[in-house]
Structures are given as structure tokens and as C-alpha cells.
>>> print(open('protein_1.pdb').read())   # PDB, C-alpha atoms
ATOM      1  CA  MET A   1     -28.010  26.087  45.716  1.00  0.00           C
ATOM      2  CA  PRO A   2     -28.231  27.356  42.124  1.00  0.00           C
ATOM      3  CA  ALA A   3     -31.666  28.067  40.726  1.00  0.00           C
ATOM      4  CA  LEU A   4     -33.325  25.048  39.204  1.00  0.00           C
ATOM      5  CA  THR A   5     -34.990  25.588  35.898  1.00  0.00           C
ATOM      6  CA  VAL A   6     -38.527  24.339  35.485  1.00  0.00           C
ATOM      7  CA  GLU A   7     -37.521  22.101  32.611  1.00  0.00           C
ATOM      8  CA  THR A   8     -35.090  20.262  34.900  1.00  0.00           C
ATOM      9  CA  ALA A   9     -37.368  20.045  37.954  1.00  0.00           C
ATOM     10  CA  LEU A  10     -40.602  19.255  36.192  1.00  0.00           C
ATOM     11  CA  PRO A  11     -39.889  18.105  32.600  1.00  0.00           C
ATOM     12  CA  LEU A  12     -42.530  18.480  29.958  1.00  0.00           C
ATOM     13  CA  PRO A  13     -43.188  15.814  27.324  1.00  0.00           C
ATOM     14  CA  THR A  14     -40.904  16.543  24.364  1.00  0.00           C
ATOM     15  CA  GLU A  15     -43.563  15.726  21.835  1.00  0.00           C
ATOM     16  CA  MET A  16     -45.990  18.336  23.163  1.00  0.00           C
ATOM     17  CA  THR A  17     -45.986  22.070  22.753  1.00  0.00           C
ATOM     18  CA  PRO A  18     -46.518  23.739  26.139  1.00  0.00           C
ATOM     19  CA  PRO A  19     -49.595  25.931  26.238  1.00  0.00           C
ATOM     20  CA  LYS A  20     -49.141  29.638  26.613  1.00  0.00           C
ATOM     21  CA  PRO A  21     -51.598  32.410  27.345  1.00  0.00           C
ATOM     22  CA  THR A  22     -53.101  34.013  24.272  1.00  0.00           C
ATOM     23  CA  GLN A  23     -53.852  37.697  23.912  1.00  0.00           C
ATOM     24  CA  LEU A  24     -53.262  38.292  27.588  1.00  0.00           C
ATOM     25  CA  ARG A  25     -53.270  41.913  28.664  1.00  0.00           C
ATOM     26  CA  MET A  26     -52.284  42.265  32.268  1.00  0.00           C
ATOM     27  CA  GLY A  27     -51.629  45.200  34.524  1.00  0.00           C
ATOM     28  CA  SER A  28     -48.957  45.028  37.166  1.00  0.00           C
ATOM     29  CA  CYS A  29     -49.418  42.317  39.753  1.00  0.00           C
ATOM     30  CA  GLY A  30     -50.342  44.948  42.257  1.00  0.00           C
ATOM     31  CA  THR A  31     -49.074  48.220  43.580  1.00  0.00           C
ATOM     32  CA  ASP A  32     -51.128  46.332  44.558  1.00  0.00           C
ATOM     33  CA  SER A  33     -35.756  23.706  54.618  1.00  0.00           C
ATOM     34  CA  THR A  34     -37.929  20.948  55.497  1.00  0.00           C
ATOM     35  CA  ARG A  35     -40.251  20.687  58.465  1.00  0.00           C
ATOM     36  CA  SER A  36     -38.388  20.411  61.768  1.00  0.00           C
ATOM     37  CA  GLY A  37     -41.065  21.424  64.235  1.00  0.00           C
ATOM     38  CA  THR A  38     -40.257  25.140  64.018  1.00  0.00           C
ATOM     39  CA  PRO A  39     -41.126  27.654  61.299  1.00  0.00           C
ATOM     40  CA  THR A  40     -38.597  27.921  58.488  1.00  0.00           C
ATOM     41  CA  GLU A  41     -37.792  31.027  56.500  1.00  0.00           C
ATOM     42  CA  SER A  42     -40.223  31.876  53.766  1.00  0.00           C
ATOM     43  CA  PRO A  43     -39.423  30.576  50.246  1.00  0.00           C
ATOM     44  CA  MET A  44     -40.063  34.132  49.064  1.00  0.00           C
ATOM     45  CA  ASP A  45     -37.637  35.837  51.504  1.00  0.00           C
ATOM     46  CA  SER A  46     -35.317  36.937  48.703  1.00  0.00           C
ATOM     47  CA  THR A  47     -38.103  38.924  47.048  1.00  0.00           C
ATOM     48  CA  ARG A  48     -39.857  40.287  50.132  1.00  0.00           C
ATOM     49  CA  THR A  49     -38.384  43.768  50.164  1.00  0.00           C
ATOM     50  CA  SER A  50     -38.982  44.394  46.471  1.00  0.00           C
ATOM     51  CA  SER A  51     -42.582  43.246  46.353  1.00  0.00           C
ATOM     52  CA  PRO A  52     -44.913  45.683  44.603  1.00  0.00           C
ATOM     53  CA  LEU A  53     -47.719  44.563  46.895  1.00  0.00           C
ATOM     54  CA  SER A  54     -45.952  45.380  50.149  1.00  0.00           C
ATOM     55  CA  GLN A  55     -47.476  48.831  50.512  1.00  0.00           C
ATOM     56  CA  GLU A  56     -50.994  47.641  49.640  1.00  0.00           C
ATOM     57  CA  GLN A  57     -52.201  50.712  47.843  1.00  0.00           C
ATOM     58  CA  PHE A  58     -55.942  50.852  47.248  1.00  0.00           C
ATOM     59  CA  ASP A  59     -57.987  53.056  45.000  1.00  0.00           C
ATOM     60  CA  PRO A  60     -60.381  55.130  47.128  1.00  0.00           C
ATOM     61  CA  PRO A  61     -64.095  54.552  46.455  1.00  0.00           C
ATOM     62  CA  THR A  62     -65.561  57.083  44.061  1.00  0.00           C
ATOM     63  CA  ARG A  63     -68.968  57.011  45.735  1.00  0.00           C
ATOM     64  CA  LYS A  64     -69.665  56.950  49.445  1.00  0.00           C
ATOM     65  CA  LYS A  65     -72.296  54.243  49.027  1.00  0.00           C
ATOM     66  CA  GLU A  66     -69.808  51.808  47.503  1.00  0.00           C
ATOM     67  CA  SER A  67     -68.533  49.267  50.018  1.00  0.00           C
ATOM     68  CA  THR A  68     -65.051  47.770  49.949  1.00  0.00           C
ATOM     69  CA  SER A  69     -66.523  44.427  48.877  1.00  0.00           C
ATOM     70  CA  ASP A  70     -68.322  46.086  45.952  1.00  0.00           C
ATOM     71  CA  ILE A  71     -65.124  47.747  44.795  1.00  0.00           C
ATOM     72  CA  LEU A  72     -63.183  44.496  45.122  1.00  0.00           C
ATOM     73  CA  ARG A  73     -65.759  42.512  43.162  1.00  0.00           C
ATOM     74  CA  ALA A  74     -65.824  45.099  40.388  1.00  0.00           C
ATOM     75  CA  LYS A  75     -62.032  44.875  40.049  1.00  0.00           C
ATOM     76  CA  LEU A  76     -62.105  41.086  39.980  1.00  0.00           C
ATOM     77  CA  GLU A  77     -64.924  41.037  37.426  1.00  0.00           C
ATOM     78  CA  ALA A  78     -62.845  43.299  35.198  1.00  0.00           C
ATOM     79  CA  LEU A  79     -60.158  40.581  35.114  1.00  0.00           C
ATOM     80  CA  ALA A  80     -62.378  37.492  34.952  1.00  0.00           C
ATOM     81  CA  ILE A  81     -62.913  35.609  31.690  1.00  0.00           C
ATOM     82  CA  VAL A  82     -66.153  34.125  33.026  1.00  0.00           C
ATOM     83  CA  GLU A  83     -68.204  35.421  35.941  1.00  0.00           C
ATOM     84  CA  GLU A  84     -67.968  32.250  38.056  1.00  0.00           C
ATOM     85  CA  ASP A  85     -64.182  32.678  38.237  1.00  0.00           C
ATOM     86  CA  VAL A  86     -64.711  35.646  40.568  1.00  0.00           C
ATOM     87  CA  ASP A  87     -66.263  33.444  43.243  1.00  0.00           C
ATOM     88  CA  LEU A  88     -63.611  30.771  42.654  1.00  0.00           C
ATOM     89  CA  SER A  89     -60.814  33.275  43.163  1.00  0.00           C
ATOM     90  CA  GLN A  90     -62.485  34.641  46.283  1.00  0.00           C
ATOM     91  CA  ARG A  91     -62.864  31.206  47.841  1.00  0.00           C
ATOM     92  CA  PHE A  92     -59.240  30.331  47.075  1.00  0.00           C
ATOM     93  CA  SER A  93     -58.139  33.659  48.575  1.00  0.00           C
ATOM     94  CA  ASP A  94     -60.198  32.952  51.687  1.00  0.00           C
ATOM     95  CA  ALA A  95     -58.700  29.456  51.928  1.00  0.00           C
ATOM     96  CA  VAL A  96     -55.168  30.858  52.026  1.00  0.00           C
ATOM     97  CA  LYS A  97     -56.328  33.494  54.541  1.00  0.00           C
ATOM     98  CA  LEU A  98     -55.835  36.685  52.556  1.00  0.00           C
ATOM     99  CA  GLY A  99     -57.312  39.849  54.012  1.00  0.00           C
ATOM    100  CA  LYS A 100     -60.931  40.316  53.005  1.00  0.00           C
ATOM    101  CA  SER A 101     -60.255  43.832  51.710  1.00  0.00           C
ATOM    102  CA  ASN A 102     -56.794  43.228  50.257  1.00  0.00           C
ATOM    103  CA  VAL A 103     -57.550  44.132  46.663  1.00  0.00           C
ATOM    104  CA  PRO A 104     -54.027  43.770  45.155  1.00  0.00           C
ATOM    105  CA  CYS A 105     -53.428  40.306  46.623  1.00  0.00           C
ATOM    106  CA  ARG A 106     -56.858  39.013  45.630  1.00  0.00           C
ATOM    107  CA  GLN A 107     -56.344  40.423  42.138  1.00  0.00           C
ATOM    108  CA  MET A 108     -53.145  38.357  41.911  1.00  0.00           C
ATOM    109  CA  VAL A 109     -55.191  35.171  42.420  1.00  0.00           C
ATOM    110  CA  MET A 110     -57.671  36.337  39.795  1.00  0.00           C
ATOM    111  CA  ARG A 111     -54.853  37.001  37.322  1.00  0.00           C
ATOM    112  CA  MET A 112     -53.620  33.437  37.795  1.00  0.00           C
ATOM    113  CA  ILE A 113     -57.070  31.989  37.082  1.00  0.00           C
ATOM    114  CA  ARG A 114     -57.430  34.290  34.079  1.00  0.00           C
ATOM    115  CA  MET A 115     -54.100  33.097  32.697  1.00  0.00           C
ATOM    116  CA  LEU A 116     -55.065  29.442  33.127  1.00  0.00           C
ATOM    117  CA  ARG A 117     -58.298  30.144  31.249  1.00  0.00           C
ATOM    118  CA  LEU A 118     -56.333  31.749  28.428  1.00  0.00           C
ATOM    119  CA  CYS A 119     -54.177  28.605  28.301  1.00  0.00           C
ATOM    120  CA  ASP A 120     -57.410  26.763  27.376  1.00  0.00           C
ATOM    121  CA  TYR A 121     -57.633  24.801  30.624  1.00  0.00           C
ATOM    122  CA  ASP A 122     -61.291  24.161  31.387  1.00  0.00           C
ATOM    123  CA  ALA A 123     -62.984  24.997  34.672  1.00  0.00           C
ATOM    124  CA  GLU A 124     -62.833  21.438  36.040  1.00  0.00           C
ATOM    125  CA  VAL A 125     -59.079  21.264  35.510  1.00  0.00           C
ATOM    126  CA  ILE A 126     -58.511  24.678  37.091  1.00  0.00           C
ATOM    127  CA  VAL A 127     -60.509  23.698  40.175  1.00  0.00           C
ATOM    128  CA  MET A 128     -58.498  20.472  40.441  1.00  0.00           C
ATOM    129  CA  VAL A 129     -55.216  22.391  40.268  1.00  0.00           C
ATOM    130  CA  LEU A 130     -56.338  24.810  42.967  1.00  0.00           C
ATOM    131  CA  SER A 131     -57.603  21.938  45.147  1.00  0.00           C
ATOM    132  CA  VAL A 132     -54.315  20.042  44.935  1.00  0.00           C
ATOM    133  CA  ALA A 133     -52.394  23.238  45.659  1.00  0.00           C
ATOM    134  CA  LEU A 134     -54.516  23.910  48.765  1.00  0.00           C
ATOM    135  CA  VAL A 135     -53.672  20.447  50.122  1.00  0.00           C
ATOM    136  CA  HIS A 136     -49.976  21.181  49.577  1.00  0.00           C
ATOM    137  CA  LEU A 137     -50.301  24.633  51.131  1.00  0.00           C
ATOM    138  CA  ASP A 138     -51.621  23.187  54.392  1.00  0.00           C
ATOM    139  CA  THR A 139     -48.180  21.590  54.806  1.00  0.00           C
ATOM    140  CA  ILE A 140     -46.227  24.549  53.452  1.00  0.00           C
ATOM    141  CA  PHE A 141     -47.885  27.192  55.617  1.00  0.00           C
ATOM    142  CA  GLY A 142     -47.573  24.864  58.603  1.00  0.00           C
ATOM    143  CA  ALA A 143     -43.797  24.849  58.115  1.00  0.00           C
ATOM    144  CA  THR A 144     -43.302  28.566  57.496  1.00  0.00           C
ATOM    145  CA  ASP A 145     -43.594  31.742  59.522  1.00  0.00           C
ATOM    146  CA  THR A 146     -47.156  32.260  60.766  1.00  0.00           C
ATOM    147  CA  ARG A 147     -46.548  36.034  60.847  1.00  0.00           C
ATOM    148  CA  MET A 148     -46.362  36.108  57.061  1.00  0.00           C
ATOM    149  CA  GLU A 149     -48.002  39.099  55.409  1.00  0.00           C
ATOM    150  CA  ASP A 150     -50.624  38.745  52.693  1.00  0.00           C
ATOM    151  CA  THR A 151     -48.113  39.736  50.004  1.00  0.00           C
ATOM    152  CA  GLU A 152     -45.871  36.781  50.768  1.00  0.00           C
ATOM    153  CA  ARG A 153     -48.780  34.476  51.428  1.00  0.00           C
ATOM    154  CA  VAL A 154     -50.388  35.030  48.039  1.00  0.00           C
ATOM    155  CA  SER A 155     -47.039  34.848  46.244  1.00  0.00           C
ATOM    156  CA  ILE A 156     -46.366  31.426  47.778  1.00  0.00           C
ATOM    157  CA  ALA A 157     -49.927  30.229  47.165  1.00  0.00           C
ATOM    158  CA  VAL A 158     -49.889  31.153  43.478  1.00  0.00           C
ATOM    159  CA  LEU A 159     -46.413  29.672  43.011  1.00  0.00           C
ATOM    160  CA  GLN A 160     -47.542  26.392  44.549  1.00  0.00           C
ATOM    161  CA  CYS A 161     -50.385  26.406  42.034  1.00  0.00           C
ATOM    162  CA  PHE A 162     -47.639  26.377  39.401  1.00  0.00           C
ATOM    163  CA  ASN A 163     -46.083  23.286  41.022  1.00  0.00           C
ATOM    164  CA  ALA A 164     -49.497  21.653  41.370  1.00  0.00           C
ATOM    165  CA  HIS A 165     -50.482  22.287  37.759  1.00  0.00           C
ATOM    166  CA  CYS A 166     -47.181  20.757  36.595  1.00  0.00           C
ATOM    167  CA  TYR A 167     -48.084  17.668  38.647  1.00  0.00           C
ATOM    168  CA  VAL A 168     -51.693  17.481  37.455  1.00  0.00           C
ATOM    169  CA  MET A 169     -51.332  18.501  33.805  1.00  0.00           C
ATOM    170  CA  ASP A 170     -49.645  16.661  30.919  1.00  0.00           C
ATOM    171  CA  GLU A 171     -49.058  20.000  29.210  1.00  0.00           C
ATOM    172  CA  ALA A 172     -47.924  22.636  31.684  1.00  0.00           C
ATOM    173  CA  CYS A 173     -47.687  26.372  31.107  1.00  0.00           C
ATOM    174  CA  PRO A 174     -43.974  27.290  31.424  1.00  0.00           C
ATOM    175  CA  MET A 175     -42.749  29.447  34.286  1.00  0.00           C
ATOM    176  CA  LYS A 176     -41.846  32.326  31.979  1.00  0.00           C
ATOM    177  CA  TYR A 177     -45.548  32.972  31.333  1.00  0.00           C
ATOM    178  CA  TRP A 178     -46.371  32.893  35.043  1.00  0.00           C
ATOM    179  CA  GLN A 179     -43.614  35.438  35.588  1.00  0.00           C
ATOM    180  CA  SER A 180     -44.647  37.742  32.762  1.00  0.00           C
ATOM    181  CA  ASN A 181     -48.383  37.652  33.519  1.00  0.00           C
ATOM    182  CA  ILE A 182     -48.433  37.450  37.327  1.00  0.00           C
ATOM    183  CA  TYR A 183     -45.011  38.243  38.805  1.00  0.00           C
ATOM    184  CA  SER A 184     -43.663  40.715  36.259  1.00  0.00           C
ATOM    185  CA  THR A 185     -43.125  43.522  38.790  1.00  0.00           C
ATOM    186  CA  TYR A 186     -42.274  41.148  41.634  1.00  0.00           C
ATOM    187  CA  CYS A 187     -39.266  39.031  40.582  1.00  0.00           C
ATOM    188  CA  ASN A 188     -37.657  37.297  37.621  1.00  0.00           C
ATOM    189  CA  VAL A 189     -37.893  33.706  36.378  1.00  0.00           C
ATOM    190  CA  LYS A 190     -34.647  32.690  38.087  1.00  0.00           C
ATOM    191  CA  VAL A 191     -35.948  33.760  41.496  1.00  0.00           C
ATOM    192  CA  LEU A 192     -39.304  32.063  40.879  1.00  0.00           C
ATOM    193  CA  ASN A 193     -37.589  28.791  39.917  1.00  0.00           C
ATOM    194  CA  SER A 194     -35.544  28.929  43.122  1.00  0.00           C
ATOM    195  CA  ALA A 195     -38.636  29.649  45.246  1.00  0.00           C
ATOM    196  CA  ALA A 196     -40.636  26.867  43.536  1.00  0.00           C
ATOM    197  CA  PHE A 197     -37.821  24.432  44.330  1.00  0.00           C
ATOM    198  CA  LYS A 198     -37.894  25.516  48.005  1.00  0.00           C
ATOM    199  CA  LEU A 199     -41.619  24.792  48.125  1.00  0.00           C
ATOM    200  CA  LEU A 200     -41.005  21.328  46.693  1.00  0.00           C
ATOM    201  CA  LYS A 201     -38.290  20.812  49.318  1.00  0.00           C
ATOM    202  CA  ILE A 202     -40.714  21.664  52.136  1.00  0.00           C
ATOM    203  CA  LEU A 203     -43.041  19.010  50.691  1.00  0.00           C
ATOM    204  CA  LYS A 204     -40.070  16.601  50.533  1.00  0.00           C
ATOM    205  CA  PHE A 205     -40.746  16.462  46.779  1.00  0.00           C
ATOM    206  CA  LYS A 206     -43.961  14.524  47.383  1.00  0.00           C
ATOM    207  CA  LEU A 207     -46.834  16.043  45.428  1.00  0.00           C
ATOM    208  CA  GLN A 208     -49.137  13.039  45.703  1.00  0.00           C
ATOM    209  CA  VAL A 209     -52.308  13.811  47.664  1.00  0.00           C
ATOM    210  CA  THR A 210     -55.128  11.651  48.943  1.00  0.00           C
ATOM    211  CA  GLU A 211     -58.480  11.597  47.193  1.00  0.00           C
ATOM    212  CA  GLU A 212     -60.225  12.521  50.458  1.00  0.00           C
ATOM    213  CA  ALA A 213     -58.070  15.614  50.969  1.00  0.00           C
ATOM    214  CA  VAL A 214     -58.546  16.848  47.404  1.00  0.00           C
ATOM    215  CA  THR A 215     -62.281  16.178  47.500  1.00  0.00           C
ATOM    216  CA  ALA A 216     -62.648  18.279  50.642  1.00  0.00           C
ATOM    217  CA  LYS A 217     -60.813  21.215  49.068  1.00  0.00           C
ATOM    218  CA  ARG A 218     -62.760  20.835  45.844  1.00  0.00           C
ATOM    219  CA  ARG A 219     -66.094  20.910  47.640  1.00  0.00           C
ATOM    220  CA  TYR A 220     -65.061  24.096  49.386  1.00  0.00           C
ATOM    221  CA  LEU A 221     -63.984  25.784  46.140  1.00  0.00           C
ATOM    222  CA  GLU A 222     -67.148  24.731  44.333  1.00  0.00           C
ATOM    223  CA  ALA A 223     -69.515  25.652  47.150  1.00  0.00           C
ATOM    224  CA  THR A 224     -72.240  28.051  46.130  1.00  0.00           C
ATOM    225  CA  ALA A 225     -72.829  31.247  48.037  1.00  0.00           C
TER     226      ALA A 225
END
>>> encode(input="protein_1.pdb", output="C-alpha cells")
Amino acid sequence: MPALTVETALPLPTEMTPPKPTQLRMGSCGTDSTRSGTPTESPMDSTRTSSPLSQEQFDPPTRKKESTSDILRAKLEALAIVEEDVDLSQRFSDAVKLGKSNVPCRQMVMRMIRMLRLCDYDAEVIVMVLSVALVHLDTIFGATDTRMEDTERVSIAVLQCFNAHCYVMDEACPMKYWQSNIYSTYCNVKVLNSAAFKLLKILKFKLQVTEEAVTAKRRYLEATA
């Protein structure tokens, strides 16, 4: 099936100008079929071997007293627009079962939240997008390979956030900005469009979620430490 452009799959209102990130300075994203009862291939299979996160390279701690969690938090704080986004990104990462010490993959989630902030989406909207995406991901991860590595898992999770934000928002941030700010060293827009379509296919193109399901995810994301 040929790649489906975002404009075709999820059209934006013609009278609105899609938001785009402003003054975004990102590093690399890390050097660091439908359900049938059996796991399907991953929507990101075509990009698996080229992923920059596959080797999970970590910077060694500069001081012996620094724990892995301290190093991770410092890296996330360096990316965050506001401090509370660090905890939000950590809870989302936990929800999609990323390794606790996987710095590159958790940074990818933080970069997504940073980009949404720079698109002028407020905190309430961002939490709603992540909550809706988590409801969708319960179905998606239930239909895909359970042996999936963190690199693939975070790539799918962030991409479903793109689908979810297109469903929730009247003015969506086009895929080209997600690619350039999050997936720039991972894959191109054409591959992302194809993968996003596969995720929609797993969901049978039904993005509607129940209020109860979204509320449960929202409470988890907004829980205080």
C-alpha cells in the first residue's frame, strides 16, 4: 500500500494555518494488520534496523555519587520548557513500559512534549492528547509483538500521539515537524505516514474513546509524586 499523506488521512481545516514549533533547537532523537488473536508485525518494522536508538548509548556519570535517575532527570530538565513536563514525560514513559534507565527513549518522549509546548498547546491539551493516545496504545500494544524493544515501543507511542492529537485538536501540527524535531535521524516523513496509517488500521480507524478510559489515563498522568 502506498504511503498515505497526513493531509489525506487526517485533513486539516483549510481556513486555519497549522501550528508549527517556533525556535525549536533539538539534538538527535537519540544515539540515543488488524487484531486476529495473534501478534502482528510492528508498524515500525521498516525502520527497525536503522533506528538511532537501537544501541542505547548512555553518557557515563561524571561523579560516582550521581545515580542513573539523577542523570536522567537532569537530561530531561534540559529539554523541558516547564519543570512539570519532566514528571509528565516520566509518567507517560512508565505507562508505555519504557526501561527506567533508558535515557534516549525517555528523551524522545520529552522532545515530543517540548515540541507541543512550542506549538502553543497548553498543558491541559497536552495531557488530553497523551491520555487519548494511552487508551489507543492499550489496543495497539495488545495486537503487536510483546517482545518489542524500547526503541520500537517509544517510536510507536510517540507516533500514536500524533494520531491522537490530530483527532483531539482542530489545528494539528503537521507530520513534517514531528519528523524534523523527533524522528530526524530515525526515518523520513513518507515512512512515518505509512507507519501512522498502520496504527490507524490496527485501531480499525476508530479513534473515539470512552470518557471513563480517558479519565483513568488522565488521573495517572496528573498524579503527584
>>> axis_aligned_box(input="protein_1.pdb", around="region 184-195 of chain A", padding_each_side="3 Å", output="AutoDock Vina command-line options")
--center_x -39.2 --center_y 36.2 --center_z 40.8 --size_x 15.0 --size_y 20.7 --size_z 15.0
>>> atom_distance(input="protein_1.pdb", atom1="CA of Thr151 (chain A)", atom2="CA of Glu83 (chain A)")
24.9 Å
>>> residues_around(input="protein_1.pdb", residues="Leu159 (chain A)", least_positions_apart="5", cutoff="9 Å", atoms="only C-alpha atoms", output="mmCIF file with C-alpha atoms, keeping the file's coordinate frame")
data_model
loop_
_atom_site.group_PDB
_atom_site.id
_atom_site.type_symbol
_atom_site.label_atom_id
_atom_site.label_comp_id
_atom_site.auth_asym_id
_atom_site.auth_seq_id
_atom_site.Cartn_x
_atom_site.Cartn_y
_atom_site.Cartn_z
ATOM 1 C CA VAL A 154 -50.388 35.030 48.039
ATOM 2 C CA ALA A 164 -49.497 21.653 41.370
ATOM 3 C CA TRP A 178 -46.371 32.893 35.043
ATOM 4 C CA LEU A 192 -39.304 32.063 40.879
ATOM 5 C CA ALA A 195 -38.636 29.649 45.246
ATOM 6 C CA ALA A 196 -40.636 26.867 43.536
ATOM 7 C CA LEU A 199 -41.619 24.792 48.125
#
>>> closest_residue(input="protein_1.pdb", among="A:Leu134, A:Leu200, A:Ala74, A:Val189", to="Pro174 (chain A)", atoms="all atoms listed in the file")
A:Val189
>>> resolve_selection(input="protein_1.pdb", expression="the PyMOL selection byres ((chain A and resi 123) around 12)", output="PyMOL selection string")
chain A and resi 81-85+88+113-114+116-122+124-130+218+221-222
